[in-house]
Every structure is written in C-alpha cells, then in structure tokens.
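Chemist: Okay, so here is my_file_15.tsv, and as you'll see once you scroll down, it has TSV, C-alpha atoms.
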```
chain	number	residue	atom	x	y	z
A	1146	MET	CA	24.22	-36.27	-12.40
A	1147	ASP	CA	20.58	-36.01	-13.20
A	1148	ASN	CA	18.40	-36.76	-10.29
A	1149	PRO	CA	14.79	-36.66	-11.41
A	1150	PHE	CA	13.58	-36.66	-7.83
A	1151	GLU	CA	15.71	-33.63	-6.99
A	1152	GLN	CA	14.39	-31.78	-10.00
A	1153	SER	CA	10.82	-32.48	-9.09
A	1154	ILE	CA	11.22	-30.86	-5.71
A	1155	GLN	CA	9.84	-27.49	-6.48
A	1156	ILE	CA	9.22	-25.19	-3.62
A	1157	ILE	CA	5.81	-23.81	-4.30
A	1158	LEU	CA	6.05	-20.10	-3.69
A	1159	GLN	CA	3.74	-18.98	-1.00
A	1160	THR	CA	2.87	-15.41	-0.30
A	1161	ASP	CA	0.97	-14.17	2.72
A	1162	ILE	CA	-0.35	-10.65	2.21
A	1163	GLN	CA	-2.64	-9.11	4.79
A	1164	ILE	CA	-3.97	-5.83	6.09
A	1165	LEU	CA	-4.77	-6.09	9.77
A	1166	ALA	CA	-6.42	-3.89	12.37
A	1167	GLN	CA	-4.73	-5.78	15.23
A	1168	PRO	CA	-1.08	-5.65	16.38
A	1169	LEU	CA	1.29	-7.56	14.10
A	1170	ASN	CA	3.15	-10.56	15.47
A	1171	ILE	CA	6.82	-10.36	14.50
A	1172	GLN	CA	7.79	-13.85	15.60
A	1173	SER	CA	4.93	-15.60	13.87
A	1174	CYS	CA	5.68	-13.67	10.65
A	1175	ILE	CA	9.28	-14.90	10.74
A	1176	ASP	CA	8.24	-18.45	11.60
A	1177	SER	CA	5.75	-18.56	8.75
A	1178	VAL	CA	8.35	-17.91	6.02
A	1179	MET	CA	10.91	-20.36	7.39
A	1180	LEU	CA	11.39	-23.56	5.41
A	1181	PRO	CA	13.90	-26.36	5.79
A	1182	GLU	CA	15.20	-25.30	2.37
A	1183	SER	CA	15.77	-21.71	3.50
A	1184	GLY	CA	19.30	-20.44	3.94
A	1185	GLY	CA	18.23	-17.06	5.19
A	1186	ILE	CA	15.33	-14.84	6.09
A	1187	ASP	CA	15.37	-11.10	5.67
A	1188	VAL	CA	12.85	-9.12	7.71
A	1189	PHE	CA	11.90	-5.48	7.55
A	1190	ILE	CA	9.99	-4.14	10.53
A	1191	GLY	CA	8.61	-0.64	10.24
A	1192	THR	CA	8.18	1.13	13.55
A	1193	VAL	CA	6.44	4.33	14.61
A	1194	ARG	CA	9.07	7.00	15.22
A	1195	ASN	CA	8.59	9.49	18.06
A	1196	ALA	CA	9.32	12.62	16.00
A	1197	THR	CA	9.16	14.12	12.53
A	1198	LYS	CA	11.55	16.95	11.73
A	1199	GLY	CA	12.16	17.51	15.41
A	1200	LYS	CA	8.46	17.65	16.29
A	1201	ALA	CA	7.13	15.13	18.79
A	1202	VAL	CA	4.65	12.63	17.33
A	1203	VAL	CA	1.82	11.60	19.66
A	1204	HIS	CA	0.63	8.72	17.48
A	1205	LEU	CA	-0.01	7.72	13.87
A	1206	GLU	CA	-3.17	6.70	12.09
A	1207	PHE	CA	-3.08	4.39	9.07
A	1208	GLU	CA	-5.90	4.10	6.59
A	1209	ALA	CA	-6.02	1.70	3.62
A	1210	TYR	CA	-8.08	1.25	0.48
A	1211	GLU	CA	-7.98	-2.39	1.37
A	1212	LYS	CA	-9.06	-4.13	-1.82
A	1213	MET	CA	-6.69	-2.12	-3.99
A	1214	ALA	CA	-3.88	-2.16	-1.41
A	1215	LEU	CA	-3.99	-5.97	-1.34
A	1216	ALA	CA	-3.97	-6.07	-5.15
A	1217	GLU	CA	-1.01	-3.68	-5.35
A	1218	MET	CA	0.93	-5.63	-2.73
A	1219	LYS	CA	0.26	-8.81	-4.70
A	1220	LYS	CA	1.73	-7.14	-7.80
A	1221	ILE	CA	4.87	-6.18	-5.89
A	1222	ALA	CA	5.15	-9.71	-4.52
A	1223	ASP	CA	4.83	-11.14	-8.02
A	1224	GLN	CA	7.50	-8.76	-9.33
A	1225	ALA	CA	9.86	-9.72	-6.49
A	1226	CYS	CA	9.30	-13.40	-7.26
A	1227	GLU	CA	10.18	-12.82	-10.90
A	1228	LYS	CA	13.35	-10.93	-10.03
A	1229	TRP	CA	14.74	-13.15	-7.26
A	1230	PRO	CA	14.60	-16.85	-6.31
A	1231	ILE	CA	12.42	-16.36	-3.25
A	1232	GLN	CA	10.93	-19.21	-1.27
A	1233	LYS	CA	8.29	-17.55	0.86
A	1234	LEU	CA	7.19	-13.98	1.21
A	1235	LEU	CA	5.03	-12.18	3.73
A	1236	ILE	CA	3.68	-8.64	3.86
A	1237	HIS	CA	1.54	-7.60	6.82
A	1238	HIS	CA	0.39	-4.00	7.17
A	1239	ARG	CA	-1.52	-2.43	10.04
A	1240	THR	CA	-4.37	0.02	9.95
A	1241	GLY	CA	-5.80	2.15	12.74
A	1242	VAL	CA	-4.14	4.07	15.55
A	1243	LEU	CA	-0.52	3.16	16.34
A	1244	ALA	CA	1.50	4.47	19.26
A	1245	VAL	CA	5.22	5.25	19.17
A	1246	GLY	CA	7.18	2.00	18.96
A	1247	GLU	CA	4.33	0.01	17.46
A	1248	VAL	CA	4.77	-1.83	14.16
A	1249	PRO	CA	2.89	-0.66	11.04
A	1250	VAL	CA	4.52	-3.09	8.61
A	1251	ILE	CA	6.40	-6.37	8.53
A	1252	ILE	CA	7.98	-7.82	5.40
A	1253	ALA	CA	9.64	-11.22	5.61
A	1254	VAL	CA	11.35	-13.03	2.76
A	1255	SER	CA	13.05	-16.41	2.79
A	1256	ALA	CA	15.44	-17.70	0.16
A	1257	ALA	CA	18.12	-20.34	-0.23
A	1258	HIS	CA	20.80	-17.64	-0.21
A	1259	ARG	CA	20.93	-14.27	1.50
A	1260	ASP	CA	21.38	-11.99	-1.52
A	1261	ALA	CA	17.93	-12.77	-2.87
A	1262	ALA	CA	16.30	-12.31	0.53
A	1263	PHE	CA	18.02	-8.97	1.20
A	1264	GLU	CA	17.34	-7.52	-2.23
A	1265	ALA	CA	13.74	-8.69	-2.46
A	1266	CYS	CA	12.89	-7.37	0.99
A	1267	ARG	CA	14.36	-3.96	0.15
A	1268	TYR	CA	12.51	-3.91	-3.16
A	1269	ILE	CA	9.18	-4.77	-1.53
A	1270	ILE	CA	9.29	-2.03	1.13
A	1271	ASP	CA	10.51	0.58	-1.37
A	1272	MET	CA	7.72	-0.26	-3.83
A	1273	LEU	CA	5.10	-0.50	-1.10
A	1274	LYS	CA	5.86	3.07	-0.10
A	1275	LYS	CA	5.43	4.21	-3.70
A	1276	THR	CA	2.34	2.43	-4.97
A	1277	VAL	CA	0.24	0.79	-2.25
A	1278	PRO	CA	-2.83	2.89	-1.35
A	1279	ILE	CA	-2.25	3.23	2.38
A	1280	TRP	CA	-2.09	6.60	4.11
A	1281	LYS	CA	-0.44	7.75	7.29
A	1282	LYS	CA	-1.55	10.66	9.42
A	1283	GLU	CA	0.84	12.08	11.99
A	1284	ILE	CA	-0.80	13.44	15.10
A	1285	PHE	CA	1.20	16.07	16.96
A	1286	GLU	CA	0.42	17.91	20.21
A	1287	ASP	CA	-0.87	20.87	18.22
A	1288	GLY	CA	-2.34	19.39	15.05
A	1289	GLU	CA	-2.23	16.61	12.49
A	1290	VAL	CA	-0.83	16.06	9.00
A	1291	TRP	CA	-1.45	13.52	6.24
A	1292	VAL	CA	2.11	12.55	5.31
A	1293	ALA	CA	3.26	13.50	1.77
A	1294	ALA	CA	-0.11	15.02	0.87
A	1295	HIS	CA	1.22	18.51	0.14
A	1296	PRO	CA	4.34	19.59	-1.73
B	215	MET	CA	-24.30	9.21	-15.78
B	216	LYS	CA	-23.99	9.33	-12.04
B	217	ILE	CA	-20.80	8.01	-10.50
B	218	ASN	CA	-19.61	7.57	-6.96
B	219	VAL	CA	-16.02	8.46	-6.00
B	220	LEU	CA	-14.45	6.88	-2.91
B	221	ALA	CA	-12.06	9.07	-0.97
B	222	PHE	CA	-9.18	8.22	1.35
B	223	GLY	CA	-6.64	10.10	3.45
B	224	ILE	CA	-6.60	13.81	2.82
B	225	ALA	CA	-9.13	13.49	-0.01
B	226	LYS	CA	-11.68	12.33	2.54
B	227	ASP	CA	-10.94	15.46	4.60
B	228	ILE	CA	-11.30	17.67	1.52
B	229	PHE	CA	-14.63	16.08	0.57
B	230	GLY	CA	-15.74	16.08	4.19
B	231	LYS	CA	-17.06	12.54	3.68
B	232	PRO	CA	-15.82	9.11	2.53
B	233	SER	CA	-17.39	9.38	-0.93
B	234	VAL	CA	-19.05	11.87	-3.26
B	235	SER	CA	-21.42	11.34	-6.15
B	236	LEU	CA	-20.93	13.22	-9.36
B	237	GLU	CA	-22.74	13.72	-12.64
B	238	LEU	CA	-20.54	13.09	-15.69
B	239	ALA	CA	-21.12	12.77	-19.44
B	240	ASN	CA	-21.65	9.18	-20.52
B	241	ASP	CA	-18.35	9.03	-22.42
B	242	ALA	CA	-16.33	10.78	-19.71
B	243	ASN	CA	-12.74	9.82	-19.05
B	244	VAL	CA	-10.44	10.17	-16.04
B	245	TYR	CA	-9.27	13.59	-17.18
B	246	ASN	CA	-12.89	14.83	-17.25
B	247	LEU	CA	-13.46	13.39	-13.79
B	248	LYS	CA	-10.41	15.14	-12.34
B	249	TYR	CA	-11.50	18.41	-13.93
B	250	SER	CA	-14.95	18.10	-12.45
B	251	LEU	CA	-13.65	17.13	-9.00
B	252	GLU	CA	-11.17	20.02	-8.94
B	253	HIS	CA	-13.92	22.42	-9.96
B	254	GLN	CA	-16.05	21.27	-7.04
B	255	TYR	CA	-13.17	20.82	-4.58
B	256	PRO	CA	-10.41	23.31	-5.49
B	257	ARG	CA	-8.27	22.17	-2.54
B	258	LEU	CA	-7.44	19.06	-4.58
B	259	LYS	CA	-5.20	21.26	-6.72
B	260	GLN	CA	-3.02	21.98	-3.69
B	261	LEU	CA	-2.08	18.32	-3.27
B	262	ALA	CA	1.40	17.19	-4.29
B	263	SER	CA	-0.39	14.91	-6.77
B	264	TYR	CA	-3.26	12.47	-6.84
B	265	MET	CA	-4.34	9.53	-8.94
B	266	ILE	CA	-7.67	8.05	-9.88
B	267	ALA	CA	-8.20	4.33	-9.47
B	268	VAL	CA	-10.79	2.54	-11.59
B	269	ASN	CA	-11.76	-0.92	-10.39
B	270	ASN	CA	-8.76	-1.10	-8.08
B	271	GLU	CA	-6.19	-0.20	-10.76
B	272	TYR	CA	-4.39	3.11	-11.26
B	273	ALA	CA	-6.02	4.77	-14.26
B	274	LEU	CA	-4.59	7.03	-16.98
B	275	PRO	CA	-6.17	10.37	-17.94
B	276	GLY	CA	-7.54	8.95	-21.20
B	277	ASP	CA	-9.21	5.92	-19.62
B	278	THR	CA	-12.98	5.86	-20.04
B	279	ILE	CA	-15.21	5.72	-16.99
B	280	HIS	CA	-18.35	3.61	-16.81
B	281	GLU	CA	-21.25	4.00	-14.46
B	282	SER	CA	-20.66	0.56	-12.95
B	283	ASP	CA	-16.95	1.20	-12.21
B	284	GLU	CA	-15.59	1.44	-8.71
B	285	ILE	CA	-13.81	4.78	-8.71
B	286	ALA	CA	-11.50	6.12	-6.03
B	287	ILE	CA	-9.33	9.15	-5.54
B	288	ILE	CA	-5.82	8.24	-4.42
B	289	PRO	CA	-3.87	11.08	-2.80
B	290	PRO	CA	-0.08	10.61	-2.36
B	291	VAL	CA	0.39	7.29	-0.56
B	292	SER	CA	2.40	7.09	2.66
B	293	GLY	CA	2.20	3.53	3.95
B	294	GLY	CA	5.01	1.51	5.45
```
Take the structure from the file and write it as structure tokens.
Modeler:
Amino acid sequence: MDNPFEQSIQIILQTDIQILAQPLNIQSCIDSVMLPESGGIDVFIGTVRNATKGKAVVHLEFEAYEKMALAEMKKIADQACEKWPIQKLLIHHRTGVLAVGEVPVIIAVSAAHRDAAFEACRYIIDMLKKTVPIWKKEIFEDGEVWVAAHP
Amino acid sequence: MKINVLAFGIAKDIFGKPSVSLELANDANVYNLKYSLEHQYPRLKQLASYMIAVNNEYALPGDTIHESDEIAIIPPVSGG
C-alpha cells in the first residue's frame, strides 16, 4: 500500500543547542521537543550534587569555550541523528555559578519509539562529558578544584 | 610569527590570565606550540592531559599553525 502522501511526510529534524548563563527551564525544554508524531521523550537532567567523595560542595562554577562547545555539541547531535531515528533533540548547558540542586545540563530527545530516545539521550550526555569544552570547578569550604584537571 | 592562545579552566589559572601571546617559528605545528607552552608554564605538564584547538577543532600534534588561527588550550573537559 503505497501512500505517496504518507511518504512525503518527513519530520524535519530540529536541534536546539544552547549555552546559557540563566537558569534552564526543564518544562519548556520538554515541551519544545514534543511532536504529535512522538511516541516518547527521554530527558536527562544534570543536577549539582552536594558532595564529592564525602566532601561538602558549596557551589559549582561552569565555564565554556562557547563557540567550540556549540560546534562540538552540534557534532554529537549529528552523530546521534545518524545512529537513531530521532525527531527532535535539545541540549542546553549552563555557565556561571550554580548552587546545589541547580541544573547545569538538560538533554531532551523525542522519537517515535522509546528505544531510540533512550539510547540517543544516553549517547549525547556521555559524549558531551568527553568532548565538549566546558569546565566545572567545585568550590568547597576550604578550597576549590577544577574537576578532572589532574591525574 | 606571533600567536595568541586562549585559555580556559585550569589553564587560565596556570597562565594567570585568559590568553597569552607567544612567538613561534612560521612553520610551527601543534607539537611545537605545546613544547613552547610547557617550557614557559611547566605546571601544564602536571595536568592529566590537554589538547590544543585550532579554529574551534581539536588539533593533532602535526597540524600546522598559522598566525591568523584562533588557538586555544583545552584542559580535561568536565561539563555536564
């Protein structure tokens, strides 16, 4: 049953990649990837944890090499789109000072079926942590540390 | 040639400023740049690793550097 109309309905993949100095809006991120064609949305929300290796964290500071970070996130988004049938994809990352419980990153992926959404979302956050030039400094009561800087 | 190297994260702390300018041979590559930076800022050698980005792309040691390039030092990333 060939339906030429059906075949011509191509969901144009839209990606929304941003680095923001203001608080991220979880609900609007989810809303913006939702399509009538979506069967599921997978969302990863990174949050600022109150301790590292048992030591209380006062707050975190995030710094980005913005131009390159956006370009690297775009590459990851493109790779995810090649690997899975994604409908819409969003990556928002914060910069600046974040208190415990605040949200440094939101990744939202919609797809017709859940497997693609789950796998793509996992892939995107794992790759982001490996290649995107963004840095996190942990501020403790008695000092501060750039995460992962030293062996 | 004179180049400018942008620094982020711990590299900015090591340099004590957000960028440094450096004199390099005209046909210098990324390896030469790293050698020169480490000579001037030995603390770089204590990092777990670091990359050089040329025009917003991760560069390889053999990649040539041009005076007009945007060059940045990328210490281990820790976003997310």
Chemist: Hey, list the chain B side of the contact with chain A: 10 Å cut-off, only C-alpha atoms, answer as a list in words.
Modeler: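 Result: Leu220, Ala221, Phe222, Gly223, Ile224, Ala225, Asp227, Leu258, Lys259, Gln260, Leu261, Ala262, Ser263, Tyr264, Ala267, Val268, Asn269, Asn270, Glu271, Tyr272, Ala286, Ile287, Ile288, Pro289, Pro290, Val291, Ser292, Gly293 and Gly294 of chain B.
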Chemist: Which residue, A:Glu1264, A:Glu1227, A:Asp1161, A:Glu1286, has the smallest gap to Phe1189 of chain A when you use all atoms listed in the file?
Modeler: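 Using all atoms listed in the file, Phe1189 of chain A sits closest to A:Glu1264.
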Chemist: List the neighbours of Pro1181 of chain A out to 12 Å using only C-alpha atoms; skip same-chain residues closer than 6 positions along the sequence, and give me the result as a list in words.
Modeler: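 Contacts, with the query itself left out: Ile1156, Gln1232, Lys1233, Ser1255, Ala1256 and Ala1257 of chain A.
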Chemist: Got a sec to check which residues sit within 9 Å of (18.3, -15.8, -1.1), counting all atoms listed in the file, and write them as a list in words?
Modeler: Ser1183, Gly1184, Gly1185, Ile1186, Asp1187, Trp1229, Pro1230, Ile1231, Gln1232, Val1254, Ser1255, Ala1256, Ala1257, His1258, Arg1259, Asp1260, Ala1261, Ala1262, Phe1263, Glu1264 and Ala1265 of chain A
Chemist: What does the file look like for those residues with C-alpha atoms, as a compact mmCIF listing (two decimals), keeping the file's coordinate frame?
Modeler:
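selection-v9.txt written:
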```txt
# COMPACT_ATOMS: atom_id res chain seq x y z
CA SER A 1183 15.77 -21.71 3.50
CA GLY A 1184 19.30 -20.44 3.94
CA GLY A 1185 18.23 -17.06 5.19
CA ILE A 1186 15.33 -14.84 6.09
CA ASP A 1187 15.37 -11.10 5.67
CA TRP A 1229 14.74 -13.15 -7.26
CA PRO A 1230 14.60 -16.85 -6.31
CA ILE A 1231 12.42 -16.36 -3.25
CA GLN A 1232 10.93 -19.21 -1.27
CA VAL A 1254 11.35 -13.03 2.76
CA SER A 1255 13.05 -16.41 2.79
CA ALA A 1256 15.44 -17.70 0.16
CA ALA A 1257 18.12 -20.34 -0.23
CA HIS A 1258 20.80 -17.64 -0.21
CA ARG A 1259 20.93 -14.27 1.50
CA ASP A 1260 21.38 -11.99 -1.52
CA ALA A 1261 17.93 -12.77 -2.87
CA ALA A 1262 16.30 -12.31 0.53
CA PHE A 1263 18.02 -8.97 1.20
CA GLU A 1264 17.34 -7.52 -2.23
CA ALA A 1265 13.74 -8.69 -2.46
```
Chemist: Quick one: pull the distance between atom CA of Thr278 of chain B and atom CA of Ser233 of chain B, Å, one decimal.
Modeler: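 Rounded to one decimal, the two atoms are 19.9 Å apart.
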Chemist: Quick one: residues within 9 Å of Ala1222 of chain A, all atoms listed in the file counted, chain neighbours fewer than 6 positions away excluded, as an NGL selection string?
Modeler: :A and (1160 or 1162 or 1234-1236 or 1265 or 1269)
Chemist: Store the residues picked out above, limited to C-alpha atoms, as an mmCIF file, keeping the file's coordinate frame.
Modeler:
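And here's out.cif as it stands now:
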```
data_model
loop_
_atom_site.group_PDB
_atom_site.id
_atom_site.type_symbol
_atom_site.label_atom_id
_atom_site.label_comp_id
_atom_site.auth_asym_id
_atom_site.auth_seq_id
_atom_site.Cartn_x
_atom_site.Cartn_y
_atom_site.Cartn_z
ATOM 1 C CA THR A 1160 2.870 -15.410 -0.300
ATOM 2 C CA ILE A 1162 -0.350 -10.650 2.210
ATOM 3 C CA LEU A 1234 7.190 -13.980 1.210
ATOM 4 C CA LEU A 1235 5.030 -12.180 3.730
ATOM 5 C CA ILE A 1236 3.680 -8.640 3.860
ATOM 6 C CA ALA A 1265 13.740 -8.690 -2.460
ATOM 7 C CA ILE A 1269 9.180 -4.770 -1.530
#
```
Chemist: With N, CA and C atoms as the target, complete segment 1218-1247 of chain A and hand it back as a PDB file, in the frame of the given file.
Modeler:
```
ATOM      1  N   MET A1218      -0.110  -4.867  -3.435  1.00  0.00           N
ATOM      2  CA  MET A1218       0.930  -5.630  -2.730  1.00  0.00           C
ATOM      3  C   MET A1218       1.188  -6.964  -3.426  1.00  0.00           C
ATOM      4  N   LYS A1219       0.119  -7.557  -3.954  1.00  0.00           N
ATOM      5  CA  LYS A1219       0.260  -8.810  -4.700  1.00  0.00           C
ATOM      6  C   LYS A1219       1.127  -8.589  -5.942  1.00  0.00           C
ATOM      7  N   LYS A1220       0.907  -7.444  -6.624  1.00  0.00           N
ATOM      8  CA  LYS A1220       1.730  -7.140  -7.800  1.00  0.00           C
ATOM      9  C   LYS A1220       3.201  -7.038  -7.434  1.00  0.00           C
ATOM     10  N   ILE A1221       3.474  -6.345  -6.324  1.00  0.00           N
ATOM     11  CA  ILE A1221       4.870  -6.180  -5.890  1.00  0.00           C
ATOM     12  C   ILE A1221       5.466  -7.544  -5.541  1.00  0.00           C
ATOM     13  N   ALA A1222       4.670  -8.370  -4.869  1.00  0.00           N
ATOM     14  CA  ALA A1222       5.150  -9.710  -4.520  1.00  0.00           C
ATOM     15  C   ALA A1222       5.470 -10.507  -5.779  1.00  0.00           C
ATOM     16  N   ASP A1223       4.596 -10.417  -6.763  1.00  0.00           N
ATOM     17  CA  ASP A1223       4.830 -11.140  -8.020  1.00  0.00           C
ATOM     18  C   ASP A1223       6.102 -10.652  -8.715  1.00  0.00           C
ATOM     19  N   GLN A1224       6.287  -9.317  -8.710  1.00  0.00           N
ATOM     20  CA  GLN A1224       7.500  -8.760  -9.330  1.00  0.00           C
ATOM     21  C   GLN A1224       8.751  -9.261  -8.604  1.00  0.00           C
ATOM     22  N   ALA A1225       8.700  -9.268  -7.275  1.00  0.00           N
ATOM     23  CA  ALA A1225       9.860  -9.720  -6.490  1.00  0.00           C
ATOM     24  C   ALA A1225      10.171 -11.186  -6.804  1.00  0.00           C
ATOM     25  N   CYS A1226       9.107 -11.970  -6.978  1.00  0.00           N
ATOM     26  CA  CYS A1226       9.300 -13.400  -7.260  1.00  0.00           C
ATOM     27  C   CYS A1226       9.894 -13.620  -8.653  1.00  0.00           C
ATOM     28  N   GLU A1227       9.591 -12.702  -9.560  1.00  0.00           N
ATOM     29  CA  GLU A1227      10.180 -12.820 -10.900  1.00  0.00           C
ATOM     30  C   GLU A1227      11.649 -12.433 -10.883  1.00  0.00           C
ATOM     31  N   LYS A1228      11.982 -11.464 -10.032  1.00  0.00           N
ATOM     32  CA  LYS A1228      13.350 -10.930 -10.030  1.00  0.00           C
ATOM     33  C   LYS A1228      14.321 -11.799  -9.226  1.00  0.00           C
ATOM     34  N   TRP A1229      13.833 -12.412  -8.140  1.00  0.00           N
ATOM     35  CA  TRP A1229      14.740 -13.150  -7.260  1.00  0.00           C
ATOM     36  C   TRP A1229      14.164 -14.532  -6.926  1.00  0.00           C
ATOM     37  N   PRO A1230      15.064 -15.495  -6.686  1.00  0.00           N
ATOM     38  CA  PRO A1230      14.600 -16.850  -6.310  1.00  0.00           C
ATOM     39  C   PRO A1230      14.174 -16.904  -4.844  1.00  0.00           C
ATOM     40  N   ILE A1231      12.961 -16.431  -4.615  1.00  0.00           N
ATOM     41  CA  ILE A1231      12.420 -16.360  -3.250  1.00  0.00           C
ATOM     42  C   ILE A1231      11.684 -17.659  -2.936  1.00  0.00           C
ATOM     43  N   GLN A1232      11.698 -18.024  -1.674  1.00  0.00           N
ATOM     44  CA  GLN A1232      10.930 -19.210  -1.270  1.00  0.00           C
ATOM     45  C   GLN A1232       9.572 -18.824  -0.713  1.00  0.00           C
ATOM     46  N   LYS A1233       9.572 -18.036   0.333  1.00  0.00           N
ATOM     47  CA  LYS A1233       8.290 -17.550   0.860  1.00  0.00           C
ATOM     48  C   LYS A1233       8.391 -16.055   1.129  1.00  0.00           C
ATOM     49  N   LEU A1234       7.222 -15.445   1.103  1.00  0.00           N
ATOM     50  CA  LEU A1234       7.190 -13.980   1.210  1.00  0.00           C
ATOM     51  C   LEU A1234       5.959 -13.570   2.003  1.00  0.00           C
ATOM     52  N   LEU A1235       6.145 -12.642   2.893  1.00  0.00           N
ATOM     53  CA  LEU A1235       5.030 -12.180   3.730  1.00  0.00           C
ATOM     54  C   LEU A1235       5.037 -10.651   3.812  1.00  0.00           C
ATOM     55  N   ILE A1236       3.856 -10.082   3.642  1.00  0.00           N
ATOM     56  CA  ILE A1236       3.680  -8.640   3.860  1.00  0.00           C
ATOM     57  C   ILE A1236       2.458  -8.465   4.745  1.00  0.00           C
ATOM     58  N   HIS A1237       2.665  -7.926   5.933  1.00  0.00           N
ATOM     59  CA  HIS A1237       1.540  -7.600   6.820  1.00  0.00           C
ATOM     60  C   HIS A1237       1.578  -6.099   7.103  1.00  0.00           C
ATOM     61  N   HIS A1238       0.449  -5.441   6.910  1.00  0.00           N
ATOM     62  CA  HIS A1238       0.390  -4.000   7.170  1.00  0.00           C
ATOM     63  C   HIS A1238      -0.759  -3.703   8.109  1.00  0.00           C
ATOM     64  N   ARG A1239      -0.506  -2.830   9.061  1.00  0.00           N
ATOM     65  CA  ARG A1239      -1.520  -2.430  10.040  1.00  0.00           C
ATOM     66  C   ARG A1239      -2.380  -1.286   9.530  1.00  0.00           C
ATOM     67  N   THR A1240      -3.565  -1.188  10.094  1.00  0.00           N
ATOM     68  CA  THR A1240      -4.370   0.020   9.950  1.00  0.00           C
ATOM     69  C   THR A1240      -4.767   0.456  11.360  1.00  0.00           C
ATOM     70  N   GLY A1241      -5.311   1.659  11.452  1.00  0.00           N
ATOM     71  CA  GLY A1241      -5.800   2.150  12.740  1.00  0.00           C
ATOM     72  C   GLY A1241      -4.772   3.025  13.441  1.00  0.00           C
ATOM     73  N   VAL A1242      -4.977   3.178  14.742  1.00  0.00           N
ATOM     74  CA  VAL A1242      -4.140   4.070  15.550  1.00  0.00           C
ATOM     75  C   VAL A1242      -2.946   3.302  16.090  1.00  0.00           C
ATOM     76  N   LEU A1243      -1.739   3.817  15.854  1.00  0.00           N
ATOM     77  CA  LEU A1243      -0.520   3.160  16.340  1.00  0.00           C
ATOM     78  C   LEU A1243       0.298   4.130  17.191  1.00  0.00           C
ATOM     79  N   ALA A1244       0.691   3.652  18.362  1.00  0.00           N
ATOM     80  CA  ALA A1244       1.500   4.470  19.260  1.00  0.00           C
ATOM     81  C   ALA A1244       2.972   4.375  18.879  1.00  0.00           C
ATOM     82  N   VAL A1245       3.768   5.276  19.395  1.00  0.00           N
ATOM     83  CA  VAL A1245       5.220   5.250  19.170  1.00  0.00           C
ATOM     84  C   VAL A1245       5.763   3.875  19.568  1.00  0.00           C
ATOM     85  N   GLY A1246       6.597   3.313  18.698  1.00  0.00           N
ATOM     86  CA  GLY A1246       7.180   2.000  18.960  1.00  0.00           C
ATOM     87  C   GLY A1246       6.376   0.841  18.424  1.00  0.00           C
ATOM     88  N   GLU A1247       5.125   1.085  18.049  1.00  0.00           N
ATOM     89  CA  GLU A1247       4.330   0.010  17.460  1.00  0.00           C
ATOM     90  C   GLU A1247       4.771  -0.254  16.020  1.00  0.00           C
TER      91      GLU A1247
END
```
